[in-house]
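Student: Dropping a structure here in structure tokens format, bear with me for questions.
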Amino acid sequence: MIGLLAATPAERRLIPGGRLQGPTPYVIAIMMFVMVVIGAAGLALGNSARLVAAGVDNRYSVEIADGAAKAATAQALLSASPGVTAIRPVSEAEMRSILQRWLGPAGAASDLPLPAIIDVDLAPGAPVAAIAANLERRVPGARFVAHKDSLGPVLGAVRSLSWLALTLVLLIALATAAAVVLAARGTLDTHRSTIDVMHGIGATDDQVARLFQRKIALDALTGGTAGAVAAGAVLLLIAGGGSTWLADLTGGPLLRSRDVLLLALLPLVGTMLATIVARMAVLKALRASL
Amino acid sequence: MSVKAQERPSPRRHWGDSKLSTIVEFDRVGLRYGTGAEVLRDLDFQLARGGFYFLTGPSGAGKTSLLKLLYLAQRPTRGRIRLFEQELGDAPRETMPAFRRRIGVIYQDFRLIRHLSAFDNVALPLRIAGHEGAEVEGPVREMLAWVGLADRASARPPTLSGGEQQRLAIARAVIARPELLVADEPTGNVDAEMAARILHLLTALNRLGTTIVVATHDLSLIAATPVAQMLRLDNGAMVDPTGALRNPPLAQQEQAG
């Protein structure tokens, strides 16, 4: 990276201009802001889906439609089954509390029949099918339900959103690369007379390209860092503003330290990408000359 | 009319006896831009190393196009060019910078870099060749003094007069001690006194061994340079009024003899 930015004072004077001259740094800053925010959202959604999936992967419920009479039998049967690590009967009060969220006061009415529900955690690799078959045979009316089956569509949607975010980040990166190509060509046209003189004196394409790639690298680093810092500030504001419901829901952090590191590296990766793209664009344009 | 059409002599046969080498050799060279008519036709000549040549001809005769071939801003559309005893036709593009570093060019419009100081403009060929620090500082100061611009080292070209810009362009063209110096109307924008000074600079450089090719309309310049020989272009073809293409330059003949 330092090599991309290194130049002698004489080389710096050849292609003049401050770091924030022209629209390129601002375009890159905006693109980087959007990339970091969308990237963070995508990572957070991906993490949430993974945490939720891990939480329900081995969790099941036994539902017994005709009530509590059979619950004790079912509980005893489950206790004796291999691979069962935890059994927790869901109390009627808890069920009515949940129902009230959806039905209002009617959910608390005593004449509303409730099934018996028992939450069951199994050890990884436990014989799920055998346990379910044994239970449903010995306790008529009982259903053995996997939580992951219930949450599957939701988790699928969350994972799709996560991939969509990644795709958007890639698309924005491509748009940024296109903007860099245009900027490089513009800079090339602006300094065409200087380039012609340099070529005439014996400068190699590499010598000329280095001047331009340095300018683009500085623009990209400045704009990219500014955009990423702004995006980081916005994400911190959101996180600090009580919008931690997703973390509460999933029981884990939205972004892990490696995700934050990945996001922090985006400006550097963006700078390298912009520099490589600018170099390729400049070399291609130079090769069109003699 | 090409020299070939007049029984062009082989340069090796002709100059081999006088122990002179050829720095430029054109063999049936033609040039056209795009799909237009040929602006240069059947150029067939050699220039001796250390020679001083004036290239003349009416406007539109192809002088600037010929100079572009000489300083490698154009490739011929047909024919063969040898420069510094190396074939250019098959030379890959990557080798061009090495050739160009052996050539100094004084453009008609100077082509100084406006935002660089006089010092940086003159230093550019040395820096491009990889020199730094004292390797640049000393020679550039010396060169600026040689062209009478020692006290304008930090001035930018737009603040210099036409004559000063002309001398600055010359200084930049010769700072790297080119083997071949190509100048397009180097006295076109200056008064007679300045023209004489510029000519003095060019002849001094020629005495140091640099081959000089100057495109000019200025007959007084040609008359004031007895050591030089004249090449004349007419409608894209070379004519040879002084025998420059058939005979080595007078000064070289004397040295060889």
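By order in the structure tokens, chains are A, B, ...; within a chain, residues start at 1; ligands start at 1, following the order shown.
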Output as a tab-separated table one row per residue of segment 67-134 of chain B within 10 Å of segment 18-34 of chain B: the closest atom pair and its distance in Å to one decimal place, counting only C-alpha atoms, sorted by chain and residue number ascending.
Tutor:
residue	atom	partner	partner_atom	distance
B:Leu69	CA	B:Leu31	CA	8.8
B:Leu70	CA	B:Val24	CA	8.1
B:Gln74	CA	B:Leu31	CA	8.7
B:Arg75	CA	B:Leu31	CA	7.8
B:Pro76	CA	B:Leu31	CA	5.0
B:Thr77	CA	B:Leu31	CA	4.9
B:Arg78	CA	B:Gly30	CA	5.0
B:Gly79	CA	B:Val29	CA	3.9
B:Arg80	CA	B:Asp27	CA	5.0
B:Ile81	CA	B:Phe26	CA	4.7
B:Arg82	CA	B:Glu25	CA	4.9
B:Leu83	CA	B:Val24	CA	4.8
B:Phe84	CA	B:Ile23	CA	4.9
B:Glu85	CA	B:Ile23	CA	6.3
B:Gln86	CA	B:Ile23	CA	9.2
B:Glu87	CA	B:Glu25	CA	9.3
Student: Keeping only N, CA and C atoms, take the residues you just selected and write them out as a short mmCIF file (atom, residue, chain, number, x, y, z; two decimals), in the first residue's frame.
Tutor:
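Produced file result-v2.cif, reproduced below:
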data_model
loop_
_atom_site.label_atom_id
_atom_site.label_comp_id
_atom_site.auth_asym_id
_atom_site.auth_seq_id
_atom_site.Cartn_x
_atom_site.Cartn_y
_atom_site.Cartn_z
N LEU B 69 8.67 10.77 -37.52
CA LEU B 69 9.26 9.44 -37.72
C LEU B 69 10.62 9.37 -37.05
N LEU B 70 11.35 10.48 -37.12
CA LEU B 70 12.70 10.49 -36.54
C LEU B 70 12.67 10.42 -35.02
N GLN B 74 5.71 8.53 -34.56
CA GLN B 74 4.93 7.81 -35.57
C GLN B 74 5.72 6.60 -36.04
N ARG B 75 4.99 5.59 -36.47
CA ARG B 75 5.63 4.47 -37.15
C ARG B 75 5.32 4.59 -38.64
N PRO B 76 6.22 4.23 -39.50
CA PRO B 76 5.93 4.32 -40.93
C PRO B 76 4.85 3.31 -41.31
N THR B 77 4.07 3.66 -42.33
CA THR B 77 3.06 2.69 -42.78
C THR B 77 3.68 1.70 -43.76
N ARG B 78 4.81 2.04 -44.29
CA ARG B 78 5.55 1.05 -45.09
C ARG B 78 7.03 1.42 -45.07
N GLY B 79 7.83 0.52 -45.51
CA GLY B 79 9.27 0.77 -45.53
C GLY B 79 9.94 0.38 -44.23
N ARG B 80 11.22 0.69 -44.16
CA ARG B 80 12.05 0.21 -43.05
C ARG B 80 12.88 1.38 -42.50
N ILE B 81 12.91 1.50 -41.20
CA ILE B 81 13.75 2.54 -40.59
C ILE B 81 14.76 1.86 -39.66
N ARG B 82 16.00 2.26 -39.82
CA ARG B 82 17.03 1.82 -38.85
C ARG B 82 17.51 3.05 -38.11
N LEU B 83 17.58 2.92 -36.80
CA LEU B 83 18.01 4.03 -35.97
C LEU B 83 19.06 3.50 -35.01
N PHE B 84 20.14 4.22 -34.89
CA PHE B 84 21.25 3.77 -34.02
C PHE B 84 21.66 2.34 -34.39
N GLU B 85 21.63 2.07 -35.68
CA GLU B 85 22.03 0.78 -36.22
C GLU B 85 21.15 -0.37 -35.74
N GLN B 86 19.92 -0.05 -35.39
CA GLN B 86 18.97 -1.09 -34.99
C GLN B 86 17.69 -0.93 -35.79
N GLU B 87 17.16 -2.08 -36.17
CA GLU B 87 15.92 -2.09 -36.95
C GLU B 87 14.75 -1.70 -36.04
#
Student: For chain B versus chain A, which residues have an atom no more than 6 Å away, and what is each residue's nearest atom pair and distance in Å rounded to one decimal, using only C-alpha atoms, chain-then-number order, as JSON lines?
Tutor:
{"residue": "B:Pro97", "atom": "CA", "partner": "A:Gly202", "partner_atom": "CA", "distance": 4.1}
{"residue": "B:Arg100", "atom": "CA", "partner": "A:Gly202", "partner_atom": "CA", "distance": 4.8}
{"residue": "B:Arg101", "atom": "CA", "partner": "A:Gly202", "partner_atom": "CA", "distance": 4.8}
{"residue": "B:Pro125", "atom": "CA", "partner": "A:Ile201", "partner_atom": "CA", "distance": 5.9}
{"residue": "B:Ile128", "atom": "CA", "partner": "A:Ala203", "partner_atom": "CA", "distance": 5.7}
Student: List the spatial neighbours of Ala41 of chain A as a compact mmCIF listing (two decimals) with C-alpha atoms, in the first residue's frame - criterion: any atom at most 9 Å away, only C-alpha atoms, same-chain residues fewer than 3 positions off excluded.
Tutor:
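Once written, result-v5.txt looks like this:
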# COMPACT_ATOMS: atom_id res chain seq x y z
CA VAL A 36 -20.03 -0.49 4.76
CA VAL A 37 -23.64 0.06 5.88
CA ILE A 38 -25.02 -2.61 3.57
CA ALA A 44 -25.63 -8.88 10.99
CA LEU A 45 -28.46 -10.69 9.25
CA GLY A 46 -26.19 -13.62 8.46
CA SER A 162 -27.80 -11.54 3.79
CA ALA A 165 -26.58 -7.52 0.88
CA LEU A 254 -24.88 -8.66 15.71
Student: I'd like the contact shell of Ala132 of chain A - 9 Å cut-off, only C-alpha atoms, skipping same-chain residues fewer than 4 positions apart - returned as a VMD selection string.
Tutor: chain A and resid 62 127 to 128 136 to 137 143 to 145
Student: Those residues with N, CA and C atoms, as a PDB file, in the first residue's frame please?
Tutor:
ATOM      1  N   VAL A  62     -43.184 -31.133  21.863  1.00  0.00           N
ATOM      2  CA  VAL A  62     -44.218 -32.172  21.797  1.00  0.00           C
ATOM      3  C   VAL A  62     -45.548 -31.473  22.049  1.00  0.00           C
ATOM      4  N   PRO A 127     -31.394 -40.072  18.100  1.00  0.00           N
ATOM      5  CA  PRO A 127     -32.294 -40.727  17.127  1.00  0.00           C
ATOM      6  C   PRO A 127     -33.665 -40.046  17.117  1.00  0.00           C
ATOM      7  N   VAL A 128     -33.771 -38.961  16.416  1.00  0.00           N
ATOM      8  CA  VAL A 128     -34.970 -38.133  16.428  1.00  0.00           C
ATOM      9  C   VAL A 128     -36.182 -38.929  15.938  1.00  0.00           C
ATOM     10  N   GLU A 136     -45.253 -40.865  19.491  1.00  0.00           N
ATOM     11  CA  GLU A 136     -46.555 -40.746  18.837  1.00  0.00           C
ATOM     12  C   GLU A 136     -47.340 -42.069  18.912  1.00  0.00           C
ATOM     13  N   ARG A 137     -46.603 -43.187  19.053  1.00  0.00           N
ATOM     14  CA  ARG A 137     -47.300 -44.485  19.193  1.00  0.00           C
ATOM     15  C   ARG A 137     -47.819 -44.674  20.610  1.00  0.00           C
ATOM     16  N   ARG A 143     -47.769 -34.832  18.899  1.00  0.00           N
ATOM     17  CA  ARG A 143     -46.974 -34.533  17.677  1.00  0.00           C
ATOM     18  C   ARG A 143     -45.595 -34.076  18.091  1.00  0.00           C
ATOM     19  N   PHE A 144     -44.615 -34.628  17.439  1.00  0.00           N
ATOM     20  CA  PHE A 144     -43.221 -34.260  17.732  1.00  0.00           C
ATOM     21  C   PHE A 144     -42.774 -33.281  16.635  1.00  0.00           C
ATOM     22  N   VAL A 145     -42.568 -32.012  16.990  1.00  0.00           N
ATOM     23  CA  VAL A 145     -42.345 -30.949  15.998  1.00  0.00           C
ATOM     24  C   VAL A 145     -40.937 -30.361  16.156  1.00  0.00           C
TER      25      VAL A 145
END
Student: What does the distance from atom CA of Leu171 of chain A to atom CA of Ala29 of chain A come to in Å, to one decimal?
Tutor: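 It comes out at 15.6 Å.
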Student: Output as a ChimeraX atom specification all residues of segment 9-255 of chain B that backbone DSSP marks as alpha helix (DSSP H).
Tutor: /B:11-16,63-70,96-100,118-128,134-146,162-174,192-207,219-223,250-255
